[in-house]
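J.: Below is the file start28.cif, with mmCIF, C-alpha atoms.
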data_query
#
loop_
_atom_site.label_atom_id
_atom_site.label_comp_id
_atom_site.auth_asym_id
_atom_site.auth_seq_id
_atom_site.Cartn_x
_atom_site.Cartn_y
_atom_site.Cartn_z
CA MET A 111 0.00 0.00 0.00
CA THR A 112 1.33 3.42 -0.95
CA ALA A 113 1.47 6.33 1.47
CA GLU A 114 -1.16 8.06 -0.68
CA ASP A 115 -3.51 5.07 -0.37
CA ALA A 116 -2.96 4.94 3.38
CA ALA A 117 -3.80 8.64 3.67
CA GLU A 118 -6.97 8.12 1.65
CA LEU A 119 -8.06 5.19 3.78
CA GLN A 120 -7.59 7.32 6.86
CA SER A 121 -9.60 10.13 5.26
CA ALA A 122 -12.39 7.66 4.47
CA LYS A 123 -12.26 6.39 8.05
CA ASP A 124 -12.64 9.96 9.31
CA LEU A 125 -15.82 10.27 7.22
CA SER A 126 -17.22 6.84 8.10
CA SER A 127 -20.35 8.44 9.54
CA SER A 128 -21.33 9.11 5.91
CA ILE A 129 -21.57 5.41 5.00
CA LEU A 130 -24.98 4.21 3.87
CA PRO A 131 -25.99 0.67 4.88
CA ALA A 132 -26.89 -2.08 2.44
CA SER A 133 -30.53 -1.92 1.44
CA ASP A 134 -31.27 -5.28 3.03
CA ASP A 135 -29.35 -4.57 6.25
CA TYR A 136 -32.58 -3.76 8.06
CA ALA A 137 -30.96 -3.52 11.48
CA ALA A 138 -28.74 -0.67 10.25
CA ILE A 139 -31.45 1.33 8.45
CA PRO A 140 -33.20 3.99 10.56
CA GLN A 141 -36.82 2.98 11.11
CA ASP A 142 -39.93 3.77 13.08
CA PRO A 143 -40.06 1.51 16.17
CA LYS A 144 -43.79 1.14 15.50
CA ASN A 145 -43.07 -0.16 11.99
CA PRO A 146 -40.05 -2.49 12.08
CA LEU A 147 -38.53 -3.41 8.73
CA THR A 148 -38.91 -6.94 7.40
CA ALA A 149 -38.13 -8.39 3.99
CA ASP A 150 -41.80 -9.26 3.43
CA LYS A 151 -43.00 -5.77 4.31
CA VAL A 152 -40.41 -4.19 2.00
CA ALA A 153 -41.37 -6.53 -0.85
CA LEU A 154 -45.02 -5.59 -0.44
CA GLY A 155 -44.23 -1.86 -0.33
CA LYS A 156 -42.12 -2.14 -3.48
CA TYR A 157 -45.16 -3.34 -5.41
CA LEU A 158 -47.56 -0.90 -3.80
CA PHE A 159 -45.35 2.11 -4.54
CA TYR A 160 -45.80 1.46 -8.27
CA GLU A 161 -49.30 0.02 -8.11
CA THR A 162 -51.78 2.19 -10.04
CA ARG A 163 -54.68 0.34 -8.41
CA LEU A 164 -54.00 2.58 -5.42
CA GLY A 165 -55.33 5.39 -7.62
CA SER A 166 -58.90 4.35 -6.91
CA SER A 167 -60.27 7.71 -5.73
CA SER A 168 -59.64 9.78 -8.85
CA ALA A 169 -61.45 13.08 -9.27
CA SER A 170 -62.40 12.07 -12.81
CA VAL A 171 -63.26 8.67 -14.23
CA GLU A 172 -60.58 9.09 -16.90
CA GLY A 173 -57.90 8.92 -14.22
CA LEU A 174 -59.10 5.82 -12.40
CA HIS A 175 -56.21 3.41 -11.77
CA THR A 176 -53.78 5.41 -13.95
CA TYR A 177 -51.37 6.87 -11.35
CA SER A 178 -49.26 5.72 -8.42
CA CYS A 179 -46.80 7.00 -5.83
CA ALA A 180 -44.08 6.50 -8.44
CA THR A 181 -45.85 8.82 -10.86
CA CYS A 182 -44.11 11.68 -9.05
CA HIS A 183 -41.22 9.72 -7.48
CA HIS A 184 -39.56 7.46 -10.04
CA ALA A 185 -36.09 5.95 -10.31
CA GLU A 186 -35.40 7.58 -13.68
CA ALA A 187 -35.42 11.03 -12.03
CA GLY A 188 -33.65 10.02 -8.83
CA PHE A 189 -37.00 9.18 -7.19
CA GLN A 190 -38.34 12.68 -7.67
CA SER A 191 -40.24 14.08 -10.64
CA GLY A 192 -38.78 14.83 -14.05
CA LEU A 193 -40.71 18.10 -14.05
CA ALA A 194 -40.45 21.40 -12.20
CA GLN A 195 -43.96 20.71 -10.93
CA ALA A 196 -44.95 17.06 -10.68
CA ILE A 197 -48.27 16.02 -12.20
CA GLY A 198 -50.05 13.19 -10.41
CA GLU A 199 -53.63 12.30 -11.29
CA GLY A 200 -54.76 14.09 -14.41
CA GLY A 201 -51.44 13.83 -16.20
CA SER A 202 -50.71 12.19 -19.52
CA GLY A 203 -47.54 10.49 -20.68
CA PHE A 204 -44.11 9.94 -19.18
CA GLY A 205 -41.27 10.10 -21.70
CA ILE A 206 -37.89 8.74 -20.56
CA ARG A 207 -37.45 10.41 -17.16
CA GLY A 208 -40.95 11.73 -16.65
CA GLU A 209 -40.02 14.86 -18.60
CA THR A 210 -42.88 14.76 -21.14
CA ARG A 211 -45.78 14.32 -18.74
CA ILE A 212 -48.39 16.99 -19.46
CA PRO A 213 -51.86 17.89 -18.19
CA SER A 214 -54.37 15.48 -19.70
CA PRO A 215 -56.69 17.10 -22.25
CA LEU A 216 -59.47 14.95 -20.75
CA TYR A 217 -59.26 16.84 -17.42
CA GLN A 218 -60.46 20.19 -16.21
CA ALA A 219 -57.35 22.04 -15.06
CA GLY A 220 -58.70 22.48 -11.53
CA LEU A 221 -58.97 18.72 -11.04
CA ILE A 222 -55.37 17.93 -11.92
CA ASP A 223 -53.17 16.97 -8.95
CA VAL A 224 -50.28 19.43 -8.78
CA ALA A 225 -48.49 21.11 -5.86
CA PRO A 226 -47.04 24.61 -5.34
CA LEU A 227 -43.56 23.23 -4.53
CA ARG A 228 -41.13 20.98 -6.36
CA THR A 229 -41.60 17.34 -5.44
CA PRO A 230 -38.67 16.13 -3.27
CA THR A 231 -37.05 12.74 -3.67
CA VAL A 232 -38.00 9.78 -1.48
CA MET A 233 -34.44 8.46 -1.71
CA ASN A 234 -32.59 8.56 1.62
CA THR A 235 -35.81 9.38 3.47
CA ALA A 236 -34.88 6.78 6.07
CA TYR A 237 -32.82 9.64 7.50
CA GLN A 238 -35.76 12.05 7.77
CA GLU A 239 -37.93 11.71 10.84
CA VAL A 240 -40.47 14.21 9.50
CA MET A 241 -41.45 14.67 5.88
CA MET A 242 -42.10 17.38 3.28
CA TRP A 243 -40.23 20.66 2.79
CA SER A 244 -41.95 22.02 5.92
CA GLY A 245 -41.59 18.81 7.94
CA GLN A 246 -45.34 18.82 8.56
CA PHE A 247 -45.85 15.05 8.47
CA GLY A 248 -44.73 12.92 11.40
CA GLY A 249 -45.90 12.81 15.00
CA THR A 250 -42.50 12.32 16.63
CA GLY A 251 -39.15 14.04 17.06
CA ILE A 252 -39.04 17.74 16.23
CA ASN A 253 -42.80 17.77 15.64
CA ILE A 254 -43.54 17.11 19.29
CA GLY A 255 -44.96 20.39 20.52
CA THR A 256 -46.57 21.31 17.19
CA GLN A 257 -49.85 19.53 17.95
CA SER A 258 -51.84 22.75 17.57
CA SER A 259 -50.96 22.62 13.87
CA TRP A 260 -52.21 19.04 13.39
CA THR A 261 -55.50 20.37 12.10
CA ALA A 262 -58.52 18.08 12.36
CA GLY A 263 -59.92 17.09 8.99
CA THR A 264 -56.60 17.58 7.20
CA PRO A 265 -53.80 15.09 6.41
CA LYS A 266 -51.76 16.61 9.27
CA ALA A 267 -54.22 15.08 11.74
CA ASN A 268 -52.61 11.70 10.96
CA ASN A 269 -49.69 12.88 13.09
CA PHE A 270 -51.78 12.01 16.14
CA LEU A 271 -51.24 8.33 15.33
CA GLY A 272 -47.69 8.78 16.60
CA TYR A 273 -45.78 7.50 13.57
CA GLN A 274 -42.73 9.06 11.97
CA GLY A 275 -42.95 11.05 8.75
CA LEU A 276 -42.71 8.28 6.16
CA GLU A 277 -45.35 6.16 7.86
CA THR A 278 -47.63 9.22 8.07
CA THR A 279 -47.07 10.43 4.51
CA GLY A 280 -48.72 7.40 2.95
CA LEU A 281 -51.90 8.16 4.87
CA ALA A 282 -51.68 11.83 3.92
CA ALA A 283 -51.36 10.88 0.25
CA GLU A 284 -54.80 9.30 0.36
CA THR A 285 -56.42 12.72 0.48
CA LYS A 286 -53.64 14.92 -0.91
CA HIS A 287 -53.02 12.74 -3.95
CA ARG A 288 -56.22 10.65 -4.15
CA LEU A 289 -54.39 7.40 -3.48
CA ILE A 290 -56.96 5.60 -1.36
CA PRO A 291 -56.18 1.90 -1.80
CA ASP A 292 -58.86 -0.47 -3.07
CA THR A 293 -58.64 -2.83 -0.10
CA VAL A 294 -61.37 -5.11 -1.48
CA TRP A 295 -59.39 -5.65 -4.67
CA LEU A 296 -56.12 -6.09 -2.74
CA ALA A 297 -57.73 -8.78 -0.58
CA ALA A 298 -59.05 -10.59 -3.66
CA GLU A 299 -55.75 -10.49 -5.58
CA PRO A 300 -53.81 -13.63 -4.51
CA THR A 301 -50.29 -12.17 -4.69
CA TYR A 302 -51.20 -9.14 -2.60
CA LYS A 303 -53.29 -11.16 -0.16
CA ASN A 304 -50.31 -13.44 0.50
CA LEU A 305 -47.87 -10.52 0.82
CA PHE A 306 -50.06 -8.71 3.36
CA ASP A 307 -50.36 -11.93 5.37
CA LEU A 308 -46.58 -12.30 5.40
CA ALA A 309 -45.91 -8.62 6.12
CA PHE A 310 -48.36 -8.28 9.02
CA PRO A 311 -48.63 -11.75 10.60
CA ASP A 312 -49.23 -10.34 14.10
CA LEU A 313 -52.42 -8.55 13.09
CA PRO A 314 -55.81 -10.28 12.94
CA GLU A 315 -56.49 -11.40 9.40
CA ASN A 316 -59.26 -8.84 8.93
CA GLU A 317 -56.89 -6.00 9.89
CA ARG A 318 -53.98 -6.87 7.60
CA ILE A 319 -55.20 -4.99 4.52
CA THR A 320 -56.09 -1.44 5.48
CA SER A 321 -55.07 2.08 4.56
CA LEU A 322 -52.69 2.04 7.52
CA THR A 323 -50.93 -1.20 6.61
CA VAL A 324 -50.58 0.03 3.02
CA SER A 325 -48.89 3.17 4.35
CA LEU A 326 -46.62 1.15 6.65
CA ALA A 327 -45.52 -1.12 3.80
CA LEU A 328 -44.87 1.88 1.53
CA ALA A 329 -42.74 3.47 4.24
CA ALA A 330 -40.76 0.26 4.79
CA TYR A 331 -39.89 0.08 1.09
CA GLN A 332 -38.94 3.75 0.85
CA ARG A 333 -36.53 3.38 3.77
CA THR A 334 -34.51 0.90 1.69
CA ILE A 335 -34.06 3.25 -1.30
CA LEU A 336 -30.43 4.09 -0.58
CA PRO A 337 -27.84 5.18 -3.20
CA ASN A 338 -25.17 2.96 -1.67
CA GLN A 339 -23.50 2.14 -5.01
CA ALA A 340 -22.36 5.73 -5.62
CA PRO A 341 -18.57 6.22 -6.07
CA PHE A 342 -18.32 8.18 -2.80
CA GLN A 343 -19.91 5.26 -0.96
CA ARG A 344 -17.49 2.82 -2.56
CA TRP A 345 -14.59 5.12 -1.64
CA LEU A 346 -15.80 5.31 1.96
CA LYS A 347 -15.72 1.52 2.08
CA GLY A 348 -12.10 1.29 0.98
CA ASP A 349 -12.01 1.56 -2.83
CA THR A 350 -9.48 4.38 -3.13
CA ARG A 351 -9.91 4.48 -6.91
CA ALA A 352 -13.68 4.82 -6.92
CA MET A 353 -13.44 8.61 -7.32
CA THR A 354 -11.40 10.71 -9.74
CA LYS A 355 -8.88 13.27 -8.51
CA ASP A 356 -11.28 16.15 -9.22
CA GLU A 357 -14.03 14.35 -7.29
CA LYS A 358 -11.68 13.80 -4.37
CA ASP A 359 -10.69 17.46 -4.44
CA GLY A 360 -14.39 18.35 -4.50
CA LYS A 361 -14.93 16.06 -1.51
CA THR A 362 -12.23 17.90 0.41
CA LEU A 363 -13.90 21.22 -0.41
CA PHE A 364 -17.33 19.87 0.54
CA PHE A 365 -16.17 18.86 4.01
CA GLY A 366 -13.78 21.79 4.32
CA LYS A 367 -13.57 25.26 2.78
CA ALA A 368 -17.02 25.22 1.11
CA LYS A 369 -18.63 24.28 4.46
CA CYS A 370 -21.33 22.22 2.70
CA SER A 371 -21.22 19.63 5.47
CA THR A 372 -22.28 22.27 7.99
CA CYS A 373 -25.84 21.57 6.79
CA HIS A 374 -25.45 18.46 4.61
CA SER A 375 -24.20 15.77 6.94
CA GLY A 376 -24.68 12.12 7.86
CA PRO A 377 -25.21 9.21 5.47
CA ALA A 378 -27.82 11.08 3.38
CA LEU A 379 -25.84 14.35 3.36
CA SER A 380 -28.96 16.06 4.65
CA SER A 381 -30.26 17.06 8.08
CA MET A 382 -33.44 17.63 10.02
CA ASN A 383 -32.77 21.36 10.15
CA PHE A 384 -34.60 24.13 8.33
CA TYR A 385 -32.97 27.18 6.75
CA SER A 386 -33.87 30.05 4.48
CA LEU A 387 -31.48 30.58 1.59
CA GLY A 388 -33.78 33.02 -0.16
CA MET A 389 -34.54 30.70 -3.06
CA ALA A 390 -37.37 31.67 -5.38
CA ASP A 391 -40.82 30.06 -5.21
CA LEU A 392 -42.51 28.10 -7.97
CA LYS A 393 -44.48 30.39 -10.29
CA ASN A 394 -47.35 29.85 -12.70
CA GLY A 395 -46.14 29.71 -16.28
CA LEU A 396 -42.52 29.04 -15.36
CA ASN A 397 -41.32 25.65 -16.65
CA GLY A 398 -44.93 24.61 -17.18
CA ALA A 399 -46.17 25.19 -13.61
CA PHE A 400 -49.87 25.94 -13.16
CA ASN A 401 -52.72 26.09 -10.63
CA ILE A 402 -50.52 27.75 -7.99
CA PRO A 403 -52.62 30.06 -5.79
CA ASP A 404 -51.39 33.50 -4.74
CA ASN A 405 -48.97 33.24 -1.79
CA PRO A 406 -49.90 29.71 -0.66
CA VAL A 407 -48.98 28.71 2.87
CA GLU A 408 -46.37 26.31 1.45
CA PHE A 409 -44.24 29.31 0.40
CA LYS A 410 -43.66 30.03 4.11
CA GLY A 411 -41.86 26.72 4.57
CA ARG A 412 -41.63 25.44 8.13
CA GLY A 413 -43.37 28.60 9.33
CA GLY A 414 -46.44 27.78 7.28
CA PHE A 415 -46.80 24.65 9.40
CA THR A 416 -45.75 25.84 12.87
CA ASN A 417 -47.00 29.44 12.49
CA LYS A 418 -43.88 30.61 14.30
CA ASN A 419 -42.27 33.79 13.01
CA SER A 420 -38.84 32.27 13.59
CA ASP A 421 -39.66 29.44 11.17
CA MET A 422 -40.95 31.57 8.30
CA TYR A 423 -39.46 30.88 4.84
CA LYS A 424 -37.27 28.08 6.18
CA PHE A 425 -37.14 24.78 4.28
CA LYS A 426 -35.75 21.39 5.21
CA VAL A 427 -32.18 20.60 4.16
CA PRO A 428 -32.43 18.16 1.20
CA GLN A 429 -30.28 15.12 0.49
CA LEU A 430 -27.70 15.44 -2.31
CA TYR A 431 -27.50 12.09 -4.11
CA ASN A 432 -28.37 11.60 -7.79
CA LEU A 433 -28.96 15.27 -8.47
CA LYS A 434 -27.70 14.65 -12.00
CA ASP A 435 -31.00 12.86 -12.61
CA ALA A 436 -32.93 16.01 -11.70
CA LYS A 437 -33.53 18.83 -14.15
CA PHE A 438 -34.87 21.19 -11.48
CA MET A 439 -33.65 21.98 -7.96
CA GLY A 440 -34.66 24.10 -5.00
CA HIS A 441 -38.10 24.07 -3.37
CA GLY A 442 -39.34 26.36 -6.16
CA ALA A 443 -37.47 24.59 -9.00
CA SER A 444 -35.57 27.83 -9.58
CA PHE A 445 -32.31 26.11 -10.53
CA SER A 446 -31.64 23.82 -13.47
CA SER A 447 -28.23 22.40 -12.56
CA VAL A 448 -25.91 21.63 -9.68
CA THR A 449 -23.56 24.29 -11.04
CA ASP A 450 -26.28 26.94 -10.84
CA ILE A 451 -27.20 26.18 -7.26
CA ILE A 452 -23.57 26.01 -6.05
CA LYS A 453 -22.82 29.35 -7.73
CA TYR A 454 -25.90 30.81 -6.06
CA ILE A 455 -24.82 29.65 -2.62
CA ASN A 456 -21.26 30.81 -3.31
CA ASN A 457 -22.52 34.33 -4.16
CA GLY A 458 -24.77 34.47 -1.10
CA ILE A 459 -27.35 36.85 -2.61
CA SER A 460 -31.07 36.09 -2.12
CA GLN A 461 -33.23 35.73 -5.23
CA ASN A 462 -36.58 35.92 -3.38
CA GLN A 463 -37.67 39.45 -2.52
CA ASN A 464 -40.45 38.13 -0.29
CA VAL A 465 -37.96 36.71 2.22
CA PRO A 466 -36.82 39.28 4.82
CA ALA A 467 -33.06 39.51 5.25
CA SER A 468 -33.57 38.78 8.94
CA GLN A 469 -34.82 35.28 8.05
CA LEU A 470 -31.85 34.31 5.89
CA ALA A 471 -29.54 31.70 7.38
CA ARG A 472 -26.37 33.12 8.91
CA GLN A 473 -24.46 30.52 6.87
CA PHE A 474 -25.80 32.10 3.66
CA LYS A 475 -22.98 34.45 2.78
CA PRO A 476 -20.32 34.60 0.05
CA LEU A 477 -17.98 31.61 0.23
CA LEU A 478 -15.31 33.09 -2.06
CA LEU A 479 -14.80 29.85 -3.97
CA THR A 480 -12.84 30.10 -7.22
CA ASP A 481 -14.23 28.84 -10.53
CA ASP A 482 -11.90 25.83 -10.32
CA GLU A 483 -13.11 25.03 -6.82
CA ILE A 484 -16.74 25.34 -7.92
CA ASN A 485 -16.09 22.97 -10.83
CA LYS A 486 -14.49 20.40 -8.54
CA LEU A 487 -17.31 20.70 -6.03
CA VAL A 488 -19.79 20.12 -8.86
CA LYS A 489 -17.86 17.01 -9.95
CA PHE A 490 -18.12 15.60 -6.44
CA VAL A 491 -21.84 16.29 -6.07
CA GLU A 492 -22.84 15.31 -9.60
CA ASP A 493 -20.63 12.29 -10.19
CA ALA A 494 -19.28 10.97 -6.88
CA LEU A 495 -22.75 11.10 -5.32
CA TYR A 496 -24.38 9.39 -8.31
CA ASP A 497 -25.71 5.85 -7.98
CA PRO A 498 -26.09 4.52 -11.56
CA ASN A 499 -28.25 1.54 -10.64
CA LEU A 500 -31.42 2.84 -8.98
CA ILE A 501 -33.43 0.59 -11.28
CA ARG A 502 -32.76 -2.19 -8.75
CA TYR A 503 -35.47 -0.62 -6.60
CA VAL A 504 -38.12 -1.01 -9.32
CA PRO A 505 -40.25 -4.19 -9.45
CA ASP A 506 -40.07 -6.28 -12.61
CA TYR A 507 -43.87 -6.35 -12.88
CA LEU A 508 -47.04 -5.58 -10.93
CA PRO A 509 -49.54 -8.21 -9.78
CA SER A 510 -52.26 -6.09 -11.41
CA GLY A 511 -50.48 -6.09 -14.76
CA SER A 512 -50.62 -2.29 -14.81
CA CYS A 513 -47.99 -0.20 -16.57
CA MET A 514 -45.39 1.44 -14.31
CA PRO A 515 -45.34 4.11 -13.04
CA ASN A 516 -48.46 5.35 -14.86
CA ASN A 517 -51.22 3.47 -16.62
CA ASP A 518 -52.78 6.18 -18.81
CA SER A 519 -52.82 5.53 -22.55
CA GLN A 520 -49.90 7.81 -23.45
CA SER A 521 -47.73 6.50 -20.61
CA ARG A 522 -48.37 2.96 -21.79
CA ILE A 523 -47.08 3.94 -25.22
CA ASP A 524 -44.08 5.78 -23.76
CA ARG A 525 -43.17 2.86 -21.50
CA GLY A 526 -43.74 0.17 -24.11
CA CYS A 527 -46.50 -1.55 -22.14
CA GLN A 528 -48.67 -4.00 -24.01
#
Could you write out this file's structure as structure tokens?

T.:
Amino acid sequence: MTAEDAAELQSAKDLSSSILPASDDYAAIPQDPKNPLTADKVALGKYLFYETRLGSSSASVEGLHTYSCATCHHAEAGFQSGLAQAIGEGGSGFGIRGETRIPSPLYQAGLIDVAPLRTPTVMNTAYQEVMMWSGQFGGTGINIGTQSSWTAGTPKANNFLGYQGLETTGLAAETKHRLIPDTVWLAAEPTYKNLFDLAFPDLPENERITSLTVSLALAAYQRTILPNQAPFQRWLKGDTRAMTKDEKDGKTLFFGKAKCSTCHSGPALSSMNFYSLGMADLKNGLNGAFNIPDNPVEFKGRGGFTNKNSDMYKFKVPQLYNLKDAKFMGHGASFSSVTDIIKYINNGISQNQNVPASQLARQFKPLLLTDDEINKLVKFVEDALYDPNLIRYVPDYLPSGSCMPNNDSQSRIDRGCQ
């Protein structure tokens, strides 16, 4: 072993807290104690995440059984959407990475399922105790004490069940994204019936297939979506040649001069903190976005949930893997590349006039990185944090025979479904 290799191995050892576990190492994956991971539960959730039969409460008959969780969170786009504004029910088509999905001409615009923020990835969500940009879903951790915001009659009321964010989000999606599962059909379909029996053997048979158990299985699967084949992960585990020299230099900047790891830390390179970096909000007409109301509560970030002045315009720190799969970044999709967003943070100048300077994070100030340093930092984030094999998290087929991730006529053509 050369001295250079020995130094690299020591550097990797110093950053060992960044190692992601294997996707089937359930004991090492963070999980809700009320929803322990099992292979059977994960297998069930993997099907359900792509299952368009969950789309059984569509606002229009044309959309019945045509959309799934994966409609807006698919592997081809790093488990987020290929669009600036994801289109759930009421969309048509897919393309290659979800980039050609458009509003269906069969739908009234007001019935199409879109949100006023960019859809975040579900990858690495095992490391998020609460979910969404505002952290509004989850009845544990940092959300303890926010009970006054768990409004009755809204998806946030599911927080009272006491589950973490991922387990709660599936229940919230029933009303937010019209994904109420057809439990009668699931019970009658032999493959699903068997999987529910295996996943929830401790429940009475008549309680194994419910909206809650669907949500628990979905959460279990999502916790295993880990980009552990990325070059940085291989380097952390001892492969000193997994990264190029520029990527290694970018890694040194990330954990050093650029101070990225101040906010982006741990295995997911994220955190459960909320900051305002003055990024612009999603706007009607920009990159195809539509149906965004004037000044929705979501634009206030964490403050829109907690109603605390100190939380206003602060958004959760996102994970950083597979950003090369994403065409849009930032909660308002105001950036189109990793280079753009790093240059923005390096300049330290807010682009959102609605955010008071007093709310901006103290870390948001000029970093004085050179162009060469920015380029190397981009190489690390884009390439060293890129897992090229996320397709391993996609099922080969669905028990229903539906097309994945969408089952509308144009998506079936785009995806080559028979």

J.: Name every residue that the PyMOL selection byres ((chain A and resi 469) around 8) selects in this structure, writing the answer as a list in words with chains first and numbers rising.

T.: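 Matching residues under the PyMOL selection byres ((chain A and resi 469) around 8) are Ser386, Ser420, Met422, Tyr423, Lys424, Val465, Pro466, Ala467, Ser468, Leu470 and Ala471 of chain A.
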
J.: Ranking A:Thr112, A:Asn383, A:Asn316, A:Asn401 by minimum distance to Gln195 (chain A) and counting all atoms listed in the file, which one comes first?

T.: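 Closest to Gln195 (chain A) of all the choices is A:Asn401.
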
J.: Please, which residues in region 382-428 of chain A fall within 9 Å of region 255-277 of chain A when counting only C-alpha atoms, and what is the closest atom pair and distance in Å to one decimal for each, ordered by chain then residue number, as CSV?

T.:
residue,atom,partner,partner_atom,distance
A:Phe415,CA,A:Ser259,CA,6.4
A:Thr416,CA,A:Ser259,CA,6.2
A:Asn417,CA,A:Ser259,CA,8.0

J.: Take the selection from the previous step and output its residues with C-alpha atoms, as a PDB file, keeping the file's coordinate frame.

T.:
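The file below, result-v4.pdb, is the result:
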ATOM      1  CA  PHE A 415     -46.800  24.650   9.400  1.00  0.00           C
ATOM      2  CA  THR A 416     -45.750  25.840  12.870  1.00  0.00           C
ATOM      3  CA  ASN A 417     -47.000  29.440  12.490  1.00  0.00           C
TER       4      ASN A 417
END

J.: Pick out the closest residue to Pro403 (chain A) from this set: A:Tyr136, A:Glu209, A:Pro291, A:Leu227. Count only C-alpha atoms.

T.: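 Among the listed residues, A:Leu227 lies closest to Pro403 (chain A).
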
J.: Written as a ChimeraX atom specification, what is the full residue list that the PyMOL selection byres ((chain A and resi 135) around 10) yields on the file shown?

T.: /A:131-134,136-139,147-149,334

J.: Based on the selection just made, write C-alpha atoms of those residues as a compact mmCIF listing (two decimals), keeping the file's coordinate frame.

T.:
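Now in result-v6.txt:
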# COMPACT_ATOMS: atom_id res chain seq x y z
CA PRO A 131 -25.99 0.67 4.88
CA ALA A 132 -26.89 -2.08 2.44
CA SER A 133 -30.53 -1.92 1.44
CA ASP A 134 -31.27 -5.28 3.03
CA TYR A 136 -32.58 -3.76 8.06
CA ALA A 137 -30.96 -3.52 11.48
CA ALA A 138 -28.74 -0.67 10.25
CA ILE A 139 -31.45 1.33 8.45
CA LEU A 147 -38.53 -3.41 8.73
CA THR A 148 -38.91 -6.94 7.40
CA ALA A 149 -38.13 -8.39 3.99
CA THR A 334 -34.51 0.90 1.69

J.: So, counting all atoms listed in the file, which residue among A:Val504, A:Val448, A:Gln463, A:Gly376 is closest to Ser126 (chain A)?

T.: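 For Ser126 (chain A), the nearest of the candidates is A:Gly376.
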
J.: Taking only C-alpha atoms into account, which of A:Gly414, A:Pro498, A:Gly198, A:Pro314 comes nearest Gln339 (chain A)?

T.: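 Looking at the shortest contact to Gln339 (chain A), the residue is A:Pro498.
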
J.: Enumerate, as a ChimeraX atom specification, the residues matched when the PyMOL selection byres ((chain A and resi 287) around 8) is run on the file above.

T.: /A:198-199,223,283-286,288-289

J.: Those residues with C-alpha atoms, as a short mmCIF file (atom, residue, chain, number, x, y, z; two decimals), keeping the file's coordinate frame please?

T.:
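Listing of part33.cif after writing:
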data_model
loop_
_atom_site.label_atom_id
_atom_site.label_comp_id
_atom_site.auth_asym_id
_atom_site.auth_seq_id
_atom_site.Cartn_x
_atom_site.Cartn_y
_atom_site.Cartn_z
CA GLY A 198 -50.05 13.19 -10.41
CA GLU A 199 -53.63 12.30 -11.29
CA ASP A 223 -53.17 16.97 -8.95
CA ALA A 283 -51.36 10.88 0.25
CA GLU A 284 -54.80 9.30 0.36
CA THR A 285 -56.42 12.72 0.48
CA LYS A 286 -53.64 14.92 -0.91
CA ARG A 288 -56.22 10.65 -4.15
CA LEU A 289 -54.39 7.40 -3.48
#

J.: Could you check which of A:Cys527, A:Ala378, A:Ile197, A:Ala436 is closest to Met233 (chain A), using all atoms listed in the file?

T.: A:Ala378

J.: What is the CA of Ile252 (chain A)-CA of Lys426 (chain A) distance in Å, reported with one decimal?

T.: 12.1 Å

J.: Could you check how far CA of Gly526 (chain A) sits from CA of Pro509 (chain A), in Å to one decimal?

T.: 17.6 Å

J.: Which one is closest to Val224 (chain A): A:Asn304, A:Ser127, A:Asn338, A:Asn394? Count all atoms listed in the file.

T.: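 Closest residue, counting all atoms listed in the file: A:Asn394.
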
J.: Near Gly208 (chain A), counting only C-alpha atoms, which residues have an atom at most 7 Å away, once you skip same-chain residues fewer than 4 positions from it, shown as a list in words?

T.: Ser191, Gly192, Leu193 and Phe204 of chain A
